[in-house]
Each structure stands twice: as C-alpha cells, then as structure tokens.
$ cat model25.txt   # compact mmCIF, C-alpha atoms and all ligand atoms
# COMPACT_ATOMS: atom_id res chain seq x y z
CA MET A 151 106.20 -25.48 19.68
CA ASP A 152 103.16 -24.42 21.71
CA LEU A 153 101.36 -27.72 22.14
CA SER A 154 102.07 -31.42 21.66
CA VAL A 155 99.18 -33.85 21.59
CA ILE A 156 100.14 -37.41 22.47
CA ILE A 157 97.90 -40.19 21.24
CA PRO A 158 98.65 -43.86 22.00
CA ILE A 159 97.12 -46.22 19.47
CA TYR A 160 96.30 -49.87 19.85
CA ASN A 161 93.86 -51.18 17.24
CA GLU A 162 91.98 -47.93 16.72
CA GLU A 163 91.51 -47.95 12.91
CA GLU A 164 87.96 -46.61 13.04
CA ASN A 165 88.73 -43.88 15.56
CA ILE A 166 91.84 -42.19 14.17
CA ARG A 167 90.16 -40.15 11.42
CA PRO A 168 87.24 -38.85 13.52
CA LEU A 169 89.70 -38.11 16.31
CA ILE A 170 92.09 -36.09 14.19
CA ASP A 171 89.18 -34.18 12.62
CA ARG A 172 87.84 -33.21 16.01
CA LEU A 173 91.29 -32.46 17.38
CA ARG A 174 92.24 -30.23 14.47
CA SER A 175 89.02 -28.27 14.55
CA VAL A 176 89.22 -27.77 18.32
CA VAL A 177 92.89 -26.91 18.44
CA GLY A 178 92.39 -24.62 15.44
CA THR A 179 90.23 -22.35 17.58
CA MET A 180 92.92 -21.96 20.24
CA GLY A 181 95.04 -19.46 18.32
CA LEU A 182 98.35 -21.29 18.76
CA ASN A 183 101.33 -20.83 16.53
CA SER A 184 102.46 -24.40 16.25
CA VAL A 185 101.00 -27.73 17.26
CA GLU A 186 102.19 -31.29 16.80
CA TYR A 187 100.19 -34.49 17.01
CA ILE A 188 102.27 -37.50 17.99
CA PHE A 189 100.68 -40.85 17.28
CA ILE A 190 102.33 -43.84 18.92
CA ASN A 191 101.35 -47.08 17.29
CA ASP A 192 101.64 -49.64 20.07
CA GLY A 193 101.80 -52.78 17.93
CA SER A 194 98.31 -52.52 16.45
CA ARG A 195 97.14 -55.52 14.49
CA ASP A 196 94.69 -53.64 12.31
CA ARG A 197 95.11 -50.87 9.72
CA SER A 198 95.84 -48.16 12.32
CA MET A 199 99.44 -47.64 11.21
CA GLU A 200 98.53 -47.30 7.54
CA ILE A 201 95.96 -44.67 8.41
CA ILE A 202 98.43 -42.75 10.56
CA ALA A 203 101.09 -42.87 7.83
CA GLU A 204 98.55 -41.61 5.30
CA LEU A 205 97.46 -38.76 7.56
CA SER A 206 101.05 -37.78 8.23
CA GLN A 207 101.54 -37.35 4.47
CA LYS A 208 98.56 -35.05 4.35
CA TYR A 209 99.28 -32.94 7.44
CA SER A 210 102.83 -32.00 8.33
CA GLU A 211 101.97 -31.52 12.01
CA ILE A 212 101.17 -35.22 12.35
CA LYS A 213 104.12 -37.26 13.55
CA PHE A 214 104.27 -40.91 14.42
CA ILE A 215 106.28 -43.45 16.37
CA ASN A 216 105.71 -47.03 15.34
CA LEU A 217 106.70 -49.40 18.14
CA SER A 218 107.98 -52.86 17.29
CA ARG A 219 105.26 -54.64 19.26
CA ASN A 220 102.60 -54.02 21.88
CA PHE A 221 104.35 -52.53 24.90
CA GLY A 222 101.26 -51.28 26.69
CA HIS A 223 99.59 -47.94 27.07
CA GLN A 224 101.90 -46.38 29.69
CA ILE A 225 105.04 -47.16 27.72
CA ALA A 226 103.46 -45.92 24.49
CA VAL A 227 102.66 -42.61 26.19
CA THR A 228 106.21 -42.47 27.56
CA ALA A 229 107.60 -42.87 24.05
CA GLY A 230 105.44 -39.94 22.97
CA LEU A 231 106.56 -37.78 25.88
CA ASP A 232 110.19 -38.52 25.06
CA LYS A 233 109.76 -37.19 21.52
CA SER A 234 107.45 -34.28 22.29
CA THR A 235 108.75 -30.73 21.99
CA GLY A 236 105.75 -28.62 23.01
CA ASP A 237 105.74 -26.12 25.87
CA ALA A 238 102.50 -27.78 26.90
CA VAL A 239 101.86 -31.45 26.34
CA THR A 240 98.49 -33.12 26.41
CA ILE A 241 97.81 -36.86 26.54
CA ILE A 242 94.55 -38.13 25.11
CA ASP A 243 93.03 -41.55 24.38
CA ALA A 244 92.38 -42.33 20.75
CA ASP A 245 88.92 -43.80 21.24
CA LEU A 246 87.22 -40.42 21.78
CA GLN A 247 86.32 -41.32 25.34
CA ASP A 248 88.24 -38.21 26.29
CA PRO A 249 86.54 -35.34 24.44
CA PRO A 250 89.09 -33.23 22.49
CA GLU A 251 86.74 -30.28 23.12
CA LEU A 252 88.06 -30.16 26.68
CA ILE A 253 91.61 -29.34 25.57
CA PRO A 254 91.11 -25.54 25.29
CA GLU A 255 89.77 -25.49 28.84
CA LEU A 256 92.70 -27.57 30.12
CA TYR A 257 95.12 -25.32 28.27
CA LYS A 258 93.57 -22.14 29.59
CA LYS A 259 93.72 -23.42 33.13
CA LEU A 260 97.36 -24.48 32.69
CA LYS A 261 98.26 -20.97 31.63
CA THR A 262 96.76 -19.48 34.80
CA GLY A 263 99.75 -20.77 36.75
CA PHE A 264 99.60 -24.55 36.93
CA GLU A 265 102.02 -27.20 35.77
CA VAL A 266 99.51 -30.06 35.64
CA VAL A 267 95.81 -29.93 34.84
CA TYR A 268 94.25 -33.36 34.81
CA ALA A 269 90.78 -34.19 33.61
CA LYS A 270 88.69 -35.78 36.32
CA ARG A 271 85.84 -38.08 35.37
CA ARG A 272 82.55 -36.88 36.75
CA SER A 273 80.79 -39.83 35.13
CA ARG A 274 81.75 -42.68 32.82
CA GLN A 275 79.48 -43.79 30.02
CA GLY A 276 79.34 -47.11 28.28
CA GLU A 277 81.69 -48.98 30.55
CA GLY A 278 80.72 -52.15 32.36
CA PHE A 279 79.70 -52.19 35.98
CA PHE A 280 82.68 -54.38 36.83
CA LYS A 281 85.22 -52.08 35.19
CA LYS A 282 83.82 -49.03 36.96
CA LEU A 283 83.72 -50.84 40.30
CA THR A 284 87.27 -52.20 40.07
CA ALA A 285 88.57 -48.81 38.94
CA LYS A 286 86.82 -47.07 41.81
CA ILE A 287 88.17 -49.52 44.39
CA PHE A 288 91.66 -49.44 42.91
CA TYR A 289 91.99 -45.66 42.98
CA ARG A 290 90.85 -45.55 46.59
CA ILE A 291 93.10 -48.36 47.82
CA LEU A 292 96.04 -46.77 46.04
CA ARG A 293 95.30 -43.46 47.69
CA LYS A 294 95.27 -45.10 51.13
CA MET A 295 98.50 -47.01 50.56
CA THR A 296 100.70 -44.31 49.10
CA SER A 297 102.09 -41.23 50.73
CA ILE A 298 101.63 -39.08 47.64
CA LYS A 299 98.22 -37.80 46.63
CA ILE A 300 97.28 -39.61 43.45
CA PRO A 301 93.97 -38.12 42.34
CA VAL A 302 91.03 -40.52 42.23
CA ASP A 303 88.94 -41.16 39.09
CA THR A 304 91.55 -39.73 36.78
CA GLY A 305 93.13 -41.33 33.77
CA ASP A 306 95.99 -40.04 31.73
CA PHE A 307 93.88 -37.41 29.95
CA ARG A 308 95.64 -34.27 31.08
CA ILE A 309 97.82 -31.38 30.05
CA VAL A 310 101.23 -30.81 31.54
CA ASP A 311 103.89 -28.15 31.31
CA ARG A 312 107.23 -28.89 29.67
CA LYS A 313 108.86 -28.84 33.14
CA ILE A 314 106.88 -31.94 34.08
CA VAL A 315 107.85 -33.76 30.90
CA ASP A 316 111.51 -32.97 31.56
CA VAL A 317 111.27 -34.52 35.04
CA LEU A 318 109.36 -37.55 33.75
CA LYS A 319 112.23 -38.13 31.37
CA GLN A 320 114.60 -38.17 34.36
CA MET A 321 112.63 -40.98 35.94
CA PRO A 322 114.08 -44.06 34.32
CA GLU A 323 111.96 -46.61 36.14
CA GLN A 324 110.80 -49.59 34.13
CA GLN A 325 107.34 -49.76 35.65
CA LYS A 326 105.63 -46.67 34.37
CA PHE A 327 102.62 -45.42 36.25
CA LEU A 328 102.35 -41.92 34.87
CA ARG A 329 99.48 -40.80 37.09
CA GLY A 330 101.55 -41.59 40.17
CA GLN A 331 104.72 -40.15 38.71
CA THR A 332 103.06 -36.86 37.83
CA SER A 333 101.61 -36.53 41.33
CA TRP A 334 104.97 -37.38 42.84
CA ILE A 335 106.67 -34.58 40.87
CA GLY A 336 104.61 -31.90 42.56
CA PHE A 337 104.44 -28.27 41.37
CA ASN A 338 100.98 -26.77 41.08
CA GLN A 339 98.37 -29.30 40.06
CA THR A 340 94.67 -28.91 39.55
CA PHE A 341 91.83 -30.53 37.65
CA VAL A 342 88.88 -29.91 35.40
CA GLU A 343 85.83 -32.17 35.56
CA TYR A 344 84.26 -33.83 32.54
CA ASP A 345 81.85 -36.57 31.58
CA ARG A 346 83.56 -39.51 29.99
CA ASP A 347 81.98 -40.60 26.72
CA GLU A 348 81.52 -44.03 25.29
CA ARG A 349 84.12 -45.51 23.04
CA HIS A 350 83.54 -44.25 19.48
CA ALA A 351 84.28 -47.63 17.84
CA GLY A 352 86.22 -50.79 18.44
CA LYS A 353 86.77 -52.37 21.81
CA THR A 354 88.98 -51.71 24.78
CA GLY A 355 92.65 -52.63 24.52
CA TYR A 356 92.84 -52.87 28.29
CA THR A 357 92.29 -56.53 29.07
CA TYR A 358 91.94 -57.55 32.69
CA LYS A 359 95.47 -58.88 32.55
CA LYS A 360 96.76 -55.44 31.52
CA MET A 361 94.62 -53.74 34.17
CA ILE A 362 95.98 -55.98 36.91
CA ARG A 363 99.54 -55.42 35.78
CA MET A 364 98.99 -51.68 35.78
CA ALA A 365 97.44 -51.82 39.26
CA LEU A 366 100.42 -53.78 40.58
CA ASP A 367 102.86 -51.38 38.92
CA GLY A 368 101.06 -48.48 40.54
CA ILE A 369 101.12 -50.02 43.98
CA THR A 370 104.66 -51.37 43.94
CA SER A 371 106.12 -48.17 42.46
CA PHE A 372 104.60 -45.90 45.06
CA SER A 373 104.06 -47.95 48.17
CA ASN A 374 105.96 -50.33 50.43
CA PHE A 375 102.79 -51.14 52.28
CA PRO A 376 102.54 -54.78 51.11
CA LEU A 377 106.06 -55.39 52.44
CA LYS A 378 105.27 -53.64 55.69
CA ILE A 379 102.34 -56.02 56.25
CA VAL A 380 104.81 -58.92 56.53
CA THR A 381 106.90 -57.17 59.15
CA ILE A 382 103.82 -56.25 61.14
CA ALA A 383 102.46 -59.81 60.83
CA GLY A 384 105.84 -61.10 62.07
CA PHE A 385 105.66 -59.07 65.24
CA VAL A 386 102.00 -59.88 65.86
CA VAL A 387 102.56 -63.60 65.39
CA SER A 388 105.67 -63.53 67.56
CA THR A 389 103.80 -61.81 70.38
CA ILE A 390 100.98 -64.35 70.26
CA SER A 391 103.56 -67.15 70.07
CA PHE A 392 105.31 -65.85 73.15
CA PHE A 393 102.17 -66.21 75.23
CA MET A 394 101.38 -69.59 73.75
CA ILE A 395 104.88 -70.76 74.59
CA LEU A 396 104.35 -69.61 78.19
CA TYR A 397 101.10 -71.56 78.20
CA ALA A 398 102.82 -74.67 76.82
CA LEU A 399 105.50 -74.44 79.54
CA TYR A 400 102.82 -73.93 82.18
CA SER A 401 100.94 -77.04 80.98
CA ARG A 402 104.11 -79.11 80.85
CA PHE A 403 105.65 -78.21 84.20
CA ILE A 404 102.95 -76.79 86.48
CA SER A 405 99.49 -78.11 85.63
CA LYS A 406 101.01 -81.29 84.11
CA ASP A 407 97.98 -81.48 81.84
CA TYR A 408 99.60 -82.44 78.51
CA GLN A 409 100.23 -85.13 75.93
CA PRO A 410 103.86 -86.31 75.61
CA GLY A 411 105.67 -84.32 72.91
CA TRP A 412 102.99 -81.61 72.72
CA ALA A 413 104.86 -78.88 74.58
CA SER A 414 108.16 -79.22 72.72
CA LEU A 415 106.37 -79.43 69.39
CA MET A 416 104.26 -76.33 70.10
CA ILE A 417 107.25 -74.33 71.21
CA ALA A 418 109.27 -75.26 68.13
CA VAL A 419 106.45 -74.46 65.70
CA LEU A 420 105.50 -71.14 67.30
CA PHE A 421 109.07 -70.00 67.67
CA ILE A 422 110.04 -70.81 64.09
CA GLY A 423 106.82 -69.27 62.71
CA GLY A 424 107.48 -65.95 64.41
CA ILE A 425 111.16 -65.85 63.53
CA GLN A 426 110.44 -66.65 59.90
CA LEU A 427 107.91 -63.87 59.47
CA ILE A 428 110.16 -61.33 61.12
CA GLY A 429 113.02 -62.55 58.95
CA ILE A 430 110.99 -62.10 55.78
CA GLY A 431 109.92 -58.68 57.00
CA ILE A 432 113.53 -57.60 57.51
CA ILE A 433 114.48 -58.86 54.07
CA GLY A 434 111.45 -56.96 52.76
CA GLU A 435 112.67 -53.73 54.33
CA TYR A 436 115.99 -54.13 52.54
CA ILE A 437 114.25 -54.94 49.28
CA SER A 438 112.12 -51.83 49.56
CA ARG A 439 115.25 -49.74 49.93
CA ILE A 440 116.92 -51.50 47.04
CA SER A 441 113.89 -50.93 44.84
CA ALA A 442 113.82 -47.25 45.79
CA ASN A 443 117.43 -46.96 44.68
CA ILE A 444 116.95 -48.91 41.50
CA ARG A 445 114.09 -46.62 40.51
CA ASN A 446 116.79 -43.97 40.36
CA ARG A 447 114.36 -41.11 40.63
CA PRO A 448 115.76 -37.66 41.22
CA LEU A 449 115.87 -37.05 44.98
CA TYR A 450 114.24 -33.66 44.70
CA ILE A 451 112.98 -31.29 42.09
CA VAL A 452 113.70 -27.59 42.36
CA ARG A 453 110.91 -25.18 41.56
CA GLU A 454 113.16 -22.15 41.64
CA SER A 455 116.39 -20.94 43.20
CA ASN A 456 118.52 -17.84 43.07
CA ILE A 457 121.70 -19.89 42.91
CA SER A 458 122.81 -19.96 39.32
CA GLU A 459 123.59 -23.24 37.58
CA GLN A 460 127.28 -23.71 38.27
CA THR A 461 129.42 -25.64 35.88
CA LYS A 462 130.54 -28.72 37.73
CA SER A 463 134.26 -28.96 38.29
N1 LIG A 501 96.36 -48.46 24.25
C1 LIG A 501 97.69 -48.67 23.92
N2 LIG A 501 98.27 -49.88 24.20
C2 LIG A 501 97.58 -50.89 24.82
C3 LIG A 501 96.23 -50.65 25.19
C4 LIG A 501 95.66 -49.43 24.89
O1 LIG A 501 98.35 -47.79 23.36
O2 LIG A 501 98.15 -51.95 25.04
C5 LIG A 501 95.75 -47.15 23.95
C6 LIG A 501 94.41 -47.19 23.22
O3 LIG A 501 94.57 -47.21 21.81
C7 LIG A 501 93.73 -45.92 23.70
C8 LIG A 501 94.27 -45.76 25.12
O4 LIG A 501 95.47 -46.53 25.18
O5 LIG A 501 94.13 -44.81 22.93
C9 LIG A 501 93.28 -46.23 26.17
O6 LIG A 501 92.94 -47.58 25.94
P1 LIG A 501 91.47 -48.14 26.06
O7 LIG A 501 90.48 -47.18 25.51
O8 LIG A 501 91.48 -49.50 25.44
O9 LIG A 501 91.30 -48.26 27.63
P2 LIG A 501 90.00 -47.97 28.49
O10 LIG A 501 89.46 -46.65 28.05
O11 LIG A 501 89.06 -49.08 28.19
O12 LIG A 501 90.50 -47.96 29.89
MG MG A 502 89.00 -46.15 26.21
$ encode --input "model25.txt" --output "structure tokens"
Amino acid sequence: MDLSVIIPIYNEEENIRPLIDRLRSVVGTMGLNSVEYIFINDGSRDRSMEIIAELSQKYSEIKFINLSRNFGHQIAVTAGLDKSTGDAVTIIDADLQDPPELIPELYKKLKTGFEVVYAKRRSRQGEGFFKKLTAKIFYRILRKMTSIKIPVDTGDFRIVDRKIVDVLKQMPEQQKFLRGQTSWIGFNQTFVEYDRDERHAGKTGYTYKKMIRMALDGITSFSNFPLKIVTIAGFVVSTISFFMILYALYSRFISKDYQPGWASLMIAVLFIGGIQLIGIGIIGEYISRISANIRNRPLYIVRESNISEQTKS
C-alpha cells in the first residue's frame, strides 16, 4: 500500500461526497499503485455513516471504522492510524478546510527524505476572530512550556512515513495529542505552507469544551511546567515568610511595637503557608514522574544502527 488517507468524521454528511471526489481526482494524478481511504465515523448523529457505507460499496479502496460513540477527533485519528497500512499516511479533515490538492506536494516532499511533512497554515479563512486568537495564543504558550518543538499554526493535516505511525502505535497514552507526539518522535520533519479554506458545509465539531480539553491534554502530556510553578511559588513564599517572621520577632522582642497575639499568629500562618506550598510542590514532582512512567512511551527511538536485531533470550 503506497498511501493511506485518514479522515475523521463527525457530522459531515454534506462534505463526504465532495471530499472523496476531490481526493480521488487529486490522488489519481499521483501515479500510485494502491491507495486506501479510511473513514472513521466518530459517533456522527447525521447521515454520515450511511453515506460512507454507500461509498465503500462503490469503491473498494474506501474503508471505514464506525466508533460506538463520539470519542473526539484525536482518538478518531488514532483509530485510523492503527488500521492504516500505507507506507505513507496522510491525515485530513473532512470539511475541506484542508485542501486535498496539497497532498501531492506533501507526498513529494516526504519522498525527498523526510518522515513528517506537516501543512502549516499561512492564513485561515472563515473562522471567528476568537477561535483564531485562542489558537494563536495556545500554540505559542505550548511552545514556551514544552521542551520539544511543537510547530505553531499547524493542525493534524500532514503526511507521515510508516515509521512514525509504528512509533505512534507504541505510545499507549490515553491523552492523545498527535501534534505533540509526532514532534516528540523526531526524525526529519518539515512543512509546506497553505491557505486554510472555509468549511465547505456544516459547522465545527470542535466546541469550546473540546478545545479546552485538547489544550489541557497537550500541556499536561508534554510539560510539567504547571507543577513546577507550585514548587517555585513554595520557595518564593517561604523566603518572604522568613523575613516576615524575623520582622514579627523584632516587633515582639526589640521594638515592642505590637498587639498581643499578633507575632505568634503571624509566625504560625507564614510558616504553615510556606511549608504547605513546598509540600505540594514535592508531591507534584513525584506526580510528574509517575505520569511520565504511566505514559509508557518508548524511552528512545532508533533511526538506524548496525547492530542486528537479536532474538531475546
Ligand atoms: N471531528 C471528529 N470528532 C469530533 C470533532 C471533530 O472526528 O469530536 C472531525 C471532523 O469531522 C473534521 C475534523 O475532526 O473532519 C476537524 O473538525 P472541525 O472541522 O470541526 O474542527 P475545526 O476545523 O473547526 O478546528
Ligand atoms: Mg474544520
């Protein structure tokens, strides 16, 4: 199989037919031997699944996975990746915001020696000011907080080599944030720029609730920064407390300028406040290590080696 095209579907009844027409005509010009289109129906409540089933009768290269309910975009894509068999795998939105006409360019670039070619949005049409603003801020905050380079202004529209899919399958984490995971994997990555179109029909399946969840998944899967803040705050507060305690003692015993009970109360409150924050920070450090282990990611990924695969004794 030369190419797998992965298409997550959530209430896209009006977009599926135009999408597959455009996909087939574009991919037809690429001179590939075999292509598969994998539709993942992510619990659509409209006629999407019927349309997919119909199309799969008509064209043998159309495959589908019908999920039992709405699991969300990232999980739908993961299901598609798990079942894909292509040497190259491309992920594309069903709403025609990602132009299928870009696929040949992505594919060509991939074959010049890259493992990941993502499509970077030069501009975005037909999306609200608020969505664009929050997306812009999110990508930049995420970049600051994580140690890996997650590209800004990039969705999941991309093409990846089979090697990448095989590693993604070894990453059993529950919180999928594919953009981060792909960057984390490494190999040679590059991008192609494009202008993002308007949605062909229907409305976005990404509610604010889903966007926030995705943002939190992205941050917590790739950064311990929020936990670190607590530890840092603990030390800052403790330092300030230390000086305030000195001041309270000074007022009580030397300048004798105090109200009864004030000094002991101040000392108790400041001391406990500092200790508590440091305590939470320490617990946080352990939790971050536990969460790293629970993610169960491979420790490293080998690009190449001249040591042959030994059978384990
Ligand atoms: N999608 C999905 N499950 C969801 C939400 C969206 O499979 O819960 C699919 C949707 O059908 C589309 C892609 O994910 O193919 C991107 O979604 P959408 O266009 O709604 O997001 P936006 O472009 O507004 O960020
Ligand atoms: Mg869209």
$ atom_distance --input "model25.txt" --atom1 "CA of Ile417 (chain A)" --atom2 "CA of Val387 (chain A)"
13.1 Å
$ residues_around --input "model25.txt" --residues "Glu164 (chain A)" --least-positions-apart "4" --cutoff "12 Å" --atoms "only C-alpha atoms" --output "list of chain:residue names"
A:Ile159, A:Tyr160, A:Pro168, A:Leu169, A:Ile170, A:Asp196, A:Arg197, A:Ser198, A:Met199, A:Glu200, A:Ile201, A:Ile202, A:Ala244, A:Asp245, A:Leu246, A:Arg349, A:His350, A:Ala351, A:Gly352, A:Lys353
$ write_last_selection --input "model25.txt" --atoms "C-alpha atoms" --output "tab-separated table (two decimals), in the frame of the given file"
chain	number	residue	atom	x	y	z
A	159	ILE	CA	97.12	-46.22	19.47
A	160	TYR	CA	96.30	-49.87	19.85
A	168	PRO	CA	87.24	-38.85	13.52
A	169	LEU	CA	89.70	-38.11	16.31
A	170	ILE	CA	92.09	-36.09	14.19
A	196	ASP	CA	94.69	-53.64	12.31
A	197	ARG	CA	95.11	-50.87	9.72
A	198	SER	CA	95.84	-48.16	12.32
A	199	MET	CA	99.44	-47.64	11.21
A	200	GLU	CA	98.53	-47.30	7.54
A	201	ILE	CA	95.96	-44.67	8.41
A	202	ILE	CA	98.43	-42.75	10.56
A	244	ALA	CA	92.38	-42.33	20.75
A	245	ASP	CA	88.92	-43.80	21.24
A	246	LEU	CA	87.22	-40.42	21.78
A	349	ARG	CA	84.12	-45.51	23.04
A	350	HIS	CA	83.54	-44.25	19.48
A	351	ALA	CA	84.28	-47.63	17.84
A	352	GLY	CA	86.22	-50.79	18.44
A	353	LYS	CA	86.77	-52.37	21.81
$ atom_distance --input "model25.txt" --atom1 "CA of Phe385 (chain A)" --atom2 "CA of Ile425 (chain A)"
8.9 Å
$ closest_residue --input "model25.txt" --among "A:Asn446, A:Ser234, A:Gln275, A:Thr262" --to "ligand LIG 501 (chain A)" --atoms "all atoms listed in the file"
A:Gln275
$ atom_distance --input "model25.txt" --atom1 "atom O12 of ligand LIG 501 (chain A)" --atom2 "CA of Met364 (chain A)"
11.0 Å
$ closest_residue --input "model25.txt" --among "A:Thr296, A:Ser206, A:Ser154, A:Ser273" --to "Leu182 (chain A)" --atoms "all atoms listed in the file"
A:Ser154
$ closest_residue --input "model25.txt" --among "A:Asn165, A:Ser373, A:Ser441, A:Ser458" --to "Gln324 (chain A)" --atoms "all atoms listed in the file"
A:Ser441
$ residues_around --input "model25.txt" --residues "Gly236 (chain A)" --least-positions-apart "3" --cutoff "6 Å" --atoms "all atoms listed in the file" --output "PDB file with C-alpha atoms, in the frame of the given file"
ATOM      1  CA  MET A 151     106.200 -25.480  19.680  1.00  0.00           C
ATOM      2  CA  ASP A 152     103.160 -24.420  21.710  1.00  0.00           C
ATOM      3  CA  LEU A 153     101.360 -27.720  22.140  1.00  0.00           C
ATOM      4  CA  SER A 154     102.070 -31.420  21.660  1.00  0.00           C
ATOM      5  CA  VAL A 239     101.860 -31.450  26.340  1.00  0.00           C
TER       6      VAL A 239
END
$ residues_near_ligand --input "model25.txt" --ligand "ligand LIG 501 (chain A)" --cutoff "6 Å" --atoms "all atoms listed in the file" --output "JSON, numbers by chain"
{"A": [158, 159, 160, 162, 192, 220, 222, 223, 226, 243, 244, 245, 354, 355, 356]}
$ residues_around --input "model25.txt" --residues "Ile287 (chain A)" --least-positions-apart "5" --cutoff "12 Å" --atoms "all atoms listed in the file" --output "NGL selection string"
:A and (280-282 or 292-294 or 302-303 or 365)
$ closest_residue --input "model25.txt" --among "A:Val386, A:Phe189, A:Gly181, A:Val176" --to "Ala229 (chain A)" --atoms "all atoms listed in the file"
A:Phe189
$ closest_residue --input "model25.txt" --among "A:Leu260, A:Ala285, A:Ile242, A:Leu449" --to "ligand MG 502 (chain A)" --atoms "all atoms listed in the file"
A:Ile242
